[in-house]
Number of protein chains: 2
Amino acid sequence: MTVEFLWGGRARPTRGPKPALTLEGIADAGLAVADAEGLAAVSMQRVAADLGYTKMSLYRYLPGKAELVAVMVERAVGAPPTLTASGWRPALEEWSRLLLGRYLAHPWTIEATVGRRPLGPYEMGWMECALARIAELPLTGAERLDTIAVLAGHGRMLAQQAAAMVGEAEMSAAIAAVLREHGERFPQLTAALAGAAGGGTDQAFEYGLARILDGVEVLIRSRS
Amino acid sequence: MTVEFLWGGRARPTRGPKPALTLEGIADAGLAVADAEGLAAVSMQRVAADLGYTKMSLYRYLPGKAELVAVMVERAVGAPPTLTASGWRPALEEWSRLLLGRYLAHPWTIEATVGRRPLGPYEMGWMECALARIAELPLTGAERLDTIAVLAGHGRMLAQQAAAMVGEAEMSAAIAAVLREHGERFPQLTAALAGAAGGGTDQAFEYGLARILDGVEVLIRSRS
DNA sequence: TCCGAACTGTGTCCGATGGAATCAGTTATT
DNA sequence: AATAACTGATTCCATCGGACACAGTTCGGA
C-alpha cells in the first residue's frame, strides 16, 4: 500500500530502458498543479500532460493516485526544520509558526490529509523535532504527544480558515450577507463580528497559540 | 449557489404532479450511505438508487451534489444544543463535548467541510449558543470568536484522528510497525509512544480541552 | 369544462476521471 | 547474439457529475 511506498526504498532496476521520469519530478509537477489550481485540478492526465507524457506512463512510477498525493504531501511539508529558539515555549511557538507557514504555502495539503492515511518520514520528522524540545518537561508521553497534536491541529484549522476566505474580509462579507437577512437569529454572532475589526489570520493564530501554551504552562507549573 | 439554497426558504409550487421525494428524505438517504460506507460512497446514482429512483430525479430537488452534501452536513450536525452547565467554563466544556459527539457520530462531516464553503443555519446556531455563554467575559469580539474556533478545531482534529484509526490501537500499530524498522530515526517519538499506554481519544480530547480553557482562564484573570 | 402552463420523473448523451490489459520498442545481462 | 526485463503508448472499461429533451401529470384561469 501507500505506507510501504512512502517508507520502502525503491530499488532502481538495472535492465531495460532508462526511465525518462523520476518520482520526484512527477510529484513536483503535481505539486505545481495543486499550488496553482488546487488539489481538484490534480489528475493523472493533467500531471502527465504537463510533463509531456501520457497518463499511463505515471503508473510505472506510482501504484495509483493515492501514492502520488502522498508523495506530494511529503514534498509540500518538506524536511523538518531545525528550531533555533531556546526554551520549550519559544521552540513550540517557532515550530507552530513554521508549520503554519508550510500549510499556508500549500493550502491543498489540508484537504489532502483528511481521513485515514499513513504518515511519511517528513511528517514524523516534524513530530520528532517538536517532541525533542519538550522531552524534559514534567509531562507523560501521552501528554507530550497530545500537546503537539493540539498545536498541529490549531495550525491546520487556521490554514484552512485562511485558505477558505481570501483574507478574512471574504468571510466577514459572506457571513455578513447572511446576517444582514437573518441577523436577529444570531445576536451574539452579530455582536462579536461587529467588535472584530478584521484582525486577520495571524492574530487569530497567535491568540490560539498563546492560549494553548498558557494552558501547558499552567499544567507544568502545577507539577513543579 | 449553495448559500441561497441553505438559507433561502424553498417555496412549494402548487401546479404539476405531487413530488414523490423530499429534500430531507434525499439528504437522509445520503446521510445513511455516508454513515455506513463513507462520504466517497455517496454519489447521485447511489442515493437515487437507494430511494428507488433514477439519478436525474434528484436534480429536481437539488442544484447539484455540493448542495446535497451541504444539506447532509446540516442534518448531521443537527440543531444546536441547549447547554445545561452553569458557568462559562463548564458550558464551553459541555459544548465542546457535544460537538465532538456529533463529529464522532458522523465522521464523514469532517472531510465534507474542508475548503471554502458557506455555513448553514445549524452551524451558525452552534456558534451562537457558545458565544452566548461567554458574552459577559472580558474578551473582545474577535477573542470570543477565536476561542470557540480553537475549541471547534480541537474537536474536529480529534474526531478526525479517532476516525482515521479505529481506536488508537490501530494508530499505535501502524506507527509502531514503521518505528520497528526506522525507530532509530525517531527516538523521541518512540519514547513518547512507549510511555503512552493507549489513553484513547477521550483522554486526548480532555487533555487539549483542559489546556485551551486553562489558557483562556489565564487571560481572563489577567484582566480582572 | 377545457386547455395550456407548470411541474414531475426518465432516458440519452457528454466529457472527465482512475485504472486494467496489452503491445511494440529498448537495454543490460548472459 | 539471444534472452529477459523494463519502458512508454494505445486501447478499453466502469463510474462519476451533469446537460438536455422527452412524455406524463396536475392545477389555475378562461
# chains A, B, ... in the order shown; residues from 1 in each chain; ligands from 1
$ select_by_dssp --residues "region 7-221 of chain B" --states "alpha helix (DSSP H)" --output "PyMOL selection string"
chain B and resi 7+23-37+44-51+65-77+88-105+108-112+121-131+141-164+169-182+187-195+201-221
$ interface_residues --of "chain C" --to "chain A" --cutoff "12 Å" --atoms "only C-alpha atoms (C1' of nucleotides)" --output "list in words"
DA16, DT17, DG18, DG19, DA20, DA21, DG25, DT26, DT27, DA28 and DT29 of chain C
$ write_last_selection --atoms "N, CA and C atoms (P, O5', C5', C4', C3', O3' and C1' of nucleotides)" --output "mmCIF file, in the first residue's frame"
data_model
loop_
_atom_site.group_PDB
_atom_site.id
_atom_site.type_symbol
_atom_site.label_atom_id
_atom_site.label_comp_id
_atom_site.auth_asym_id
_atom_site.auth_seq_id
_atom_site.Cartn_x
_atom_site.Cartn_y
_atom_site.Cartn_z
ATOM 1 P P DA C 16 -12.975 16.886 -21.472
ATOM 2 O "O5'" DA C 16 -12.804 16.168 -20.066
ATOM 3 C "C5'" DA C 16 -13.363 16.785 -18.912
ATOM 4 C "C4'" DA C 16 -13.187 15.872 -17.725
ATOM 5 C "C3'" DA C 16 -11.801 15.226 -17.633
ATOM 6 O "O3'" DA C 16 -11.187 15.536 -16.384
ATOM 7 C "C1'" DA C 16 -13.537 13.596 -17.420
ATOM 8 P P DT C 17 -9.708 15.023 -16.052
ATOM 9 O "O5'" DT C 17 -9.933 13.757 -15.125
ATOM 10 C "C5'" DT C 17 -10.653 13.908 -13.890
ATOM 11 C "C4'" DT C 17 -11.040 12.550 -13.355
ATOM 12 C "C3'" DT C 17 -9.889 11.558 -13.260
ATOM 13 O "O3'" DT C 17 -9.229 11.744 -12.030
ATOM 14 C "C1'" DT C 17 -11.933 10.532 -14.009
ATOM 15 P P DG C 18 -7.749 11.182 -11.885
ATOM 16 O "O5'" DG C 18 -7.989 9.640 -11.547
ATOM 17 C "C5'" DG C 18 -8.703 9.294 -10.374
ATOM 18 C "C4'" DG C 18 -8.850 7.795 -10.290
ATOM 19 C "C3'" DG C 18 -7.527 7.035 -10.307
ATOM 20 O "O3'" DG C 18 -7.599 5.928 -9.415
ATOM 21 C "C1'" DG C 18 -8.838 6.374 -12.161
ATOM 22 P P DG C 19 -6.264 5.068 -9.171
ATOM 23 O "O5'" DG C 19 -6.394 3.910 -10.254
ATOM 24 C "C5'" DG C 19 -7.427 2.951 -10.125
ATOM 25 C "C4'" DG C 19 -7.524 2.112 -11.375
ATOM 26 C "C3'" DG C 19 -6.281 1.272 -11.711
ATOM 27 O "O3'" DG C 19 -6.623 -0.090 -11.628
ATOM 28 C "C1'" DG C 19 -7.260 2.232 -13.636
ATOM 29 P P DA C 20 -5.460 -1.179 -11.554
ATOM 30 O "O5'" DA C 20 -5.868 -2.195 -12.725
ATOM 31 C "C5'" DA C 20 -7.224 -2.615 -12.856
ATOM 32 C "C4'" DA C 20 -7.404 -3.397 -14.153
ATOM 33 C "C3'" DA C 20 -6.239 -4.333 -14.474
ATOM 34 O "O3'" DA C 20 -6.739 -5.589 -14.916
ATOM 35 C "C1'" DA C 20 -6.540 -2.760 -16.250
ATOM 36 P P DA C 21 -5.754 -6.811 -15.147
ATOM 37 O "O5'" DA C 21 -5.609 -6.842 -16.731
ATOM 38 C "C5'" DA C 21 -6.727 -6.492 -17.530
ATOM 39 C "C4'" DA C 21 -6.316 -6.437 -18.994
ATOM 40 C "C3'" DA C 21 -5.116 -7.328 -19.346
ATOM 41 O "O3'" DA C 21 -5.418 -8.106 -20.496
ATOM 42 C "C1'" DA C 21 -4.712 -5.104 -20.047
ATOM 43 P P DG C 25 7.854 -1.841 -33.140
ATOM 44 O "O5'" DG C 25 8.891 -1.189 -32.126
ATOM 45 C "C5'" DG C 25 8.708 0.164 -31.731
ATOM 46 C "C4'" DG C 25 9.536 0.456 -30.485
ATOM 47 C "C3'" DG C 25 11.045 0.238 -30.651
ATOM 48 O "O3'" DG C 25 11.731 1.357 -30.122
ATOM 49 C "C1'" DG C 25 10.262 -0.937 -28.765
ATOM 50 P P DT C 26 13.319 1.533 -30.460
ATOM 51 O "O5'" DT C 26 14.001 1.296 -29.047
ATOM 52 C "C5'" DT C 26 13.649 2.143 -27.962
ATOM 53 C "C4'" DT C 26 14.240 1.607 -26.672
ATOM 54 C "C3'" DT C 26 15.758 1.383 -26.695
ATOM 55 O "O3'" DT C 26 16.295 1.934 -25.517
ATOM 56 C "C1'" DT C 26 14.674 -0.537 -25.896
ATOM 57 P P DT C 27 17.835 2.480 -25.486
ATOM 58 O "O5'" DT C 27 18.519 1.476 -24.455
ATOM 59 C "C5'" DT C 27 18.002 1.392 -23.128
ATOM 60 C "C4'" DT C 27 18.408 0.088 -22.485
ATOM 61 C "C3'" DT C 27 19.899 -0.279 -22.617
ATOM 62 O "O3'" DT C 27 20.442 -0.399 -21.323
ATOM 63 C "C1'" DT C 27 18.506 -2.140 -22.996
ATOM 64 P P DA C 28 21.976 -0.098 -20.986
ATOM 65 O "O5'" DA C 28 22.341 -1.306 -19.995
ATOM 66 C "C5'" DA C 28 21.550 -1.484 -18.824
ATOM 67 C "C4'" DA C 28 21.470 -2.959 -18.467
ATOM 68 C "C3'" DA C 28 22.820 -3.641 -18.263
ATOM 69 O "O3'" DA C 28 22.756 -4.453 -17.110
ATOM 70 C "C1'" DA C 28 21.577 -4.809 -19.906
ATOM 71 P P DT C 29 24.133 -4.925 -16.401
ATOM 72 O "O5'" DT C 29 23.971 -6.500 -16.463
ATOM 73 C "C5'" DT C 29 22.802 -7.102 -15.916
ATOM 74 C "C4'" DT C 29 22.540 -8.449 -16.573
ATOM 75 C "C3'" DT C 29 23.690 -9.460 -16.441
ATOM 76 O "O3'" DT C 29 23.189 -10.644 -15.864
ATOM 77 C "C1'" DT C 29 22.906 -9.373 -18.667
#
$ residues_around --residues "DC2 (chain C)" --least-positions-apart "5" --cutoff "12 Å" --atoms "only C-alpha atoms (C1' of nucleotides)" --output "list of chain:residue names"
D:DG28, D:DG29, D:DA30
$ closest_atom_pairs --of "chain D" --to "chain B" --cutoff "7 Å" --atoms "only C-alpha atoms (C1' of nucleotides)" --output "CSV"
residue,atom,partner,partner_atom,distance
D:DT25,C1',B:Pro17,CA,5.2
D:DT26,C1',B:Gly16,CA,4.4
D:DC27,C1',B:Arg15,CA,4.8
$ write_last_selection --atoms "C-alpha atoms (C1' of nucleotides)" --output "mmCIF file, in the first residue's frame"
data_model
loop_
_atom_site.group_PDB
_atom_site.id
_atom_site.type_symbol
_atom_site.label_atom_id
_atom_site.label_comp_id
_atom_site.auth_asym_id
_atom_site.auth_seq_id
_atom_site.Cartn_x
_atom_site.Cartn_y
_atom_site.Cartn_z
ATOM 1 C "C1'" DT D 25 -49.313 14.563 -14.645
ATOM 2 C "C1'" DT D 26 -51.760 18.215 -12.306
ATOM 3 C "C1'" DC D 27 -53.654 22.736 -11.277
#
$ closest_atom_pairs --of "chain A" --to "chain B" --cutoff "7 Å" --atoms "only C-alpha atoms" --output "tab-separated table"
residue	atom	partner	partner_atom	distance
A:Glu111	CA	B:Val114	CA	6.1
A:Val114	CA	B:Glu111	CA	6.1
A:Gly115	CA	B:Ala164	CA	5.4
A:Arg116	CA	B:Ala164	CA	3.9
A:Glu128	CA	B:Leu189	CA	5.6
A:Leu131	CA	B:Gln188	CA	5.9
A:Ala132	CA	B:Gln188	CA	5.9
A:Thr140	CA	B:Gly195	CA	6.7
A:Gly141	CA	B:Ala192	CA	3.9
A:Ala142	CA	B:Ala196	CA	4.5
A:Arg144	CA	B:Ala192	CA	7.0
A:Leu145	CA	B:Ala192	CA	6.8
A:Asp146	CA	B:Ala204	CA	5.9
A:Val150	CA	B:Gly208	CA	6.2
A:Gly153	CA	B:Met157	CA	5.8
A:His154	CA	B:Gly153	CA	6.5
A:Met157	CA	B:Gly153	CA	5.8
A:Gln160	CA	B:Gly115	CA	6.5
A:Ala164	CA	B:Arg116	CA	3.9
A:Met165	CA	B:Arg116	CA	6.7
A:Phe186	CA	B:Glu128	CA	5.9
A:Gln188	CA	B:Glu128	CA	5.9
A:Leu189	CA	B:Glu128	CA	5.6
A:Ala192	CA	B:Gly141	CA	4.0
A:Leu193	CA	B:Gly141	CA	6.2
A:Gly195	CA	B:Gly141	CA	4.7
A:Ala196	CA	B:Ala142	CA	4.5
A:Ala204	CA	B:Asp146	CA	5.9
A:Gly208	CA	B:Val150	CA	6.2
A:Arg211	CA	B:Gly215	CA	4.1
A:Ile212	CA	B:Ile212	CA	4.8
A:Asp214	CA	B:Gly215	CA	4.7
A:Gly215	CA	B:Arg211	CA	4.1
A:Val216	CA	B:Arg211	CA	5.8
$ residues_around --residues "Pro19 (chain B)" --least-positions-apart "4" --cutoff "10 Å" --atoms "only C-alpha atoms (C1' of nucleotides)" --output "list in words"
Arg12, Pro13, Arg60 and Tyr61 of chain B; DC7, DT8 and DG9 of chain C
$ residues_around --residues "region 19-22 of chain D" --least-positions-apart "3" --cutoff "10 Å" --atoms "only C-alpha atoms (C1' of nucleotides)" --output "list in words"
DT10, DG11, DT12, DC13 and DC14 of chain C
$ write_last_selection --atoms "C-alpha atoms (C1' of nucleotides)" --output "short mmCIF file (atom, residue, chain, number, x, y, z; two decimals), in the first residue's frame"
data_model
loop_
_atom_site.label_atom_id
_atom_site.label_comp_id
_atom_site.auth_asym_id
_atom_site.auth_seq_id
_atom_site.Cartn_x
_atom_site.Cartn_y
_atom_site.Cartn_z
"C1'" DT C 10 -36.94 9.17 -17.07
"C1'" DG C 11 -33.75 8.21 -20.89
"C1'" DT C 12 -29.97 9.55 -23.55
"C1'" DC C 13 -25.77 11.71 -24.14
"C1'" DC C 14 -21.37 14.00 -22.90
#
$ atom_distance --atom1 "CA of Ile26 (chain B)" --atom2 "CA of Leu39 (chain B)"
14.7 Å
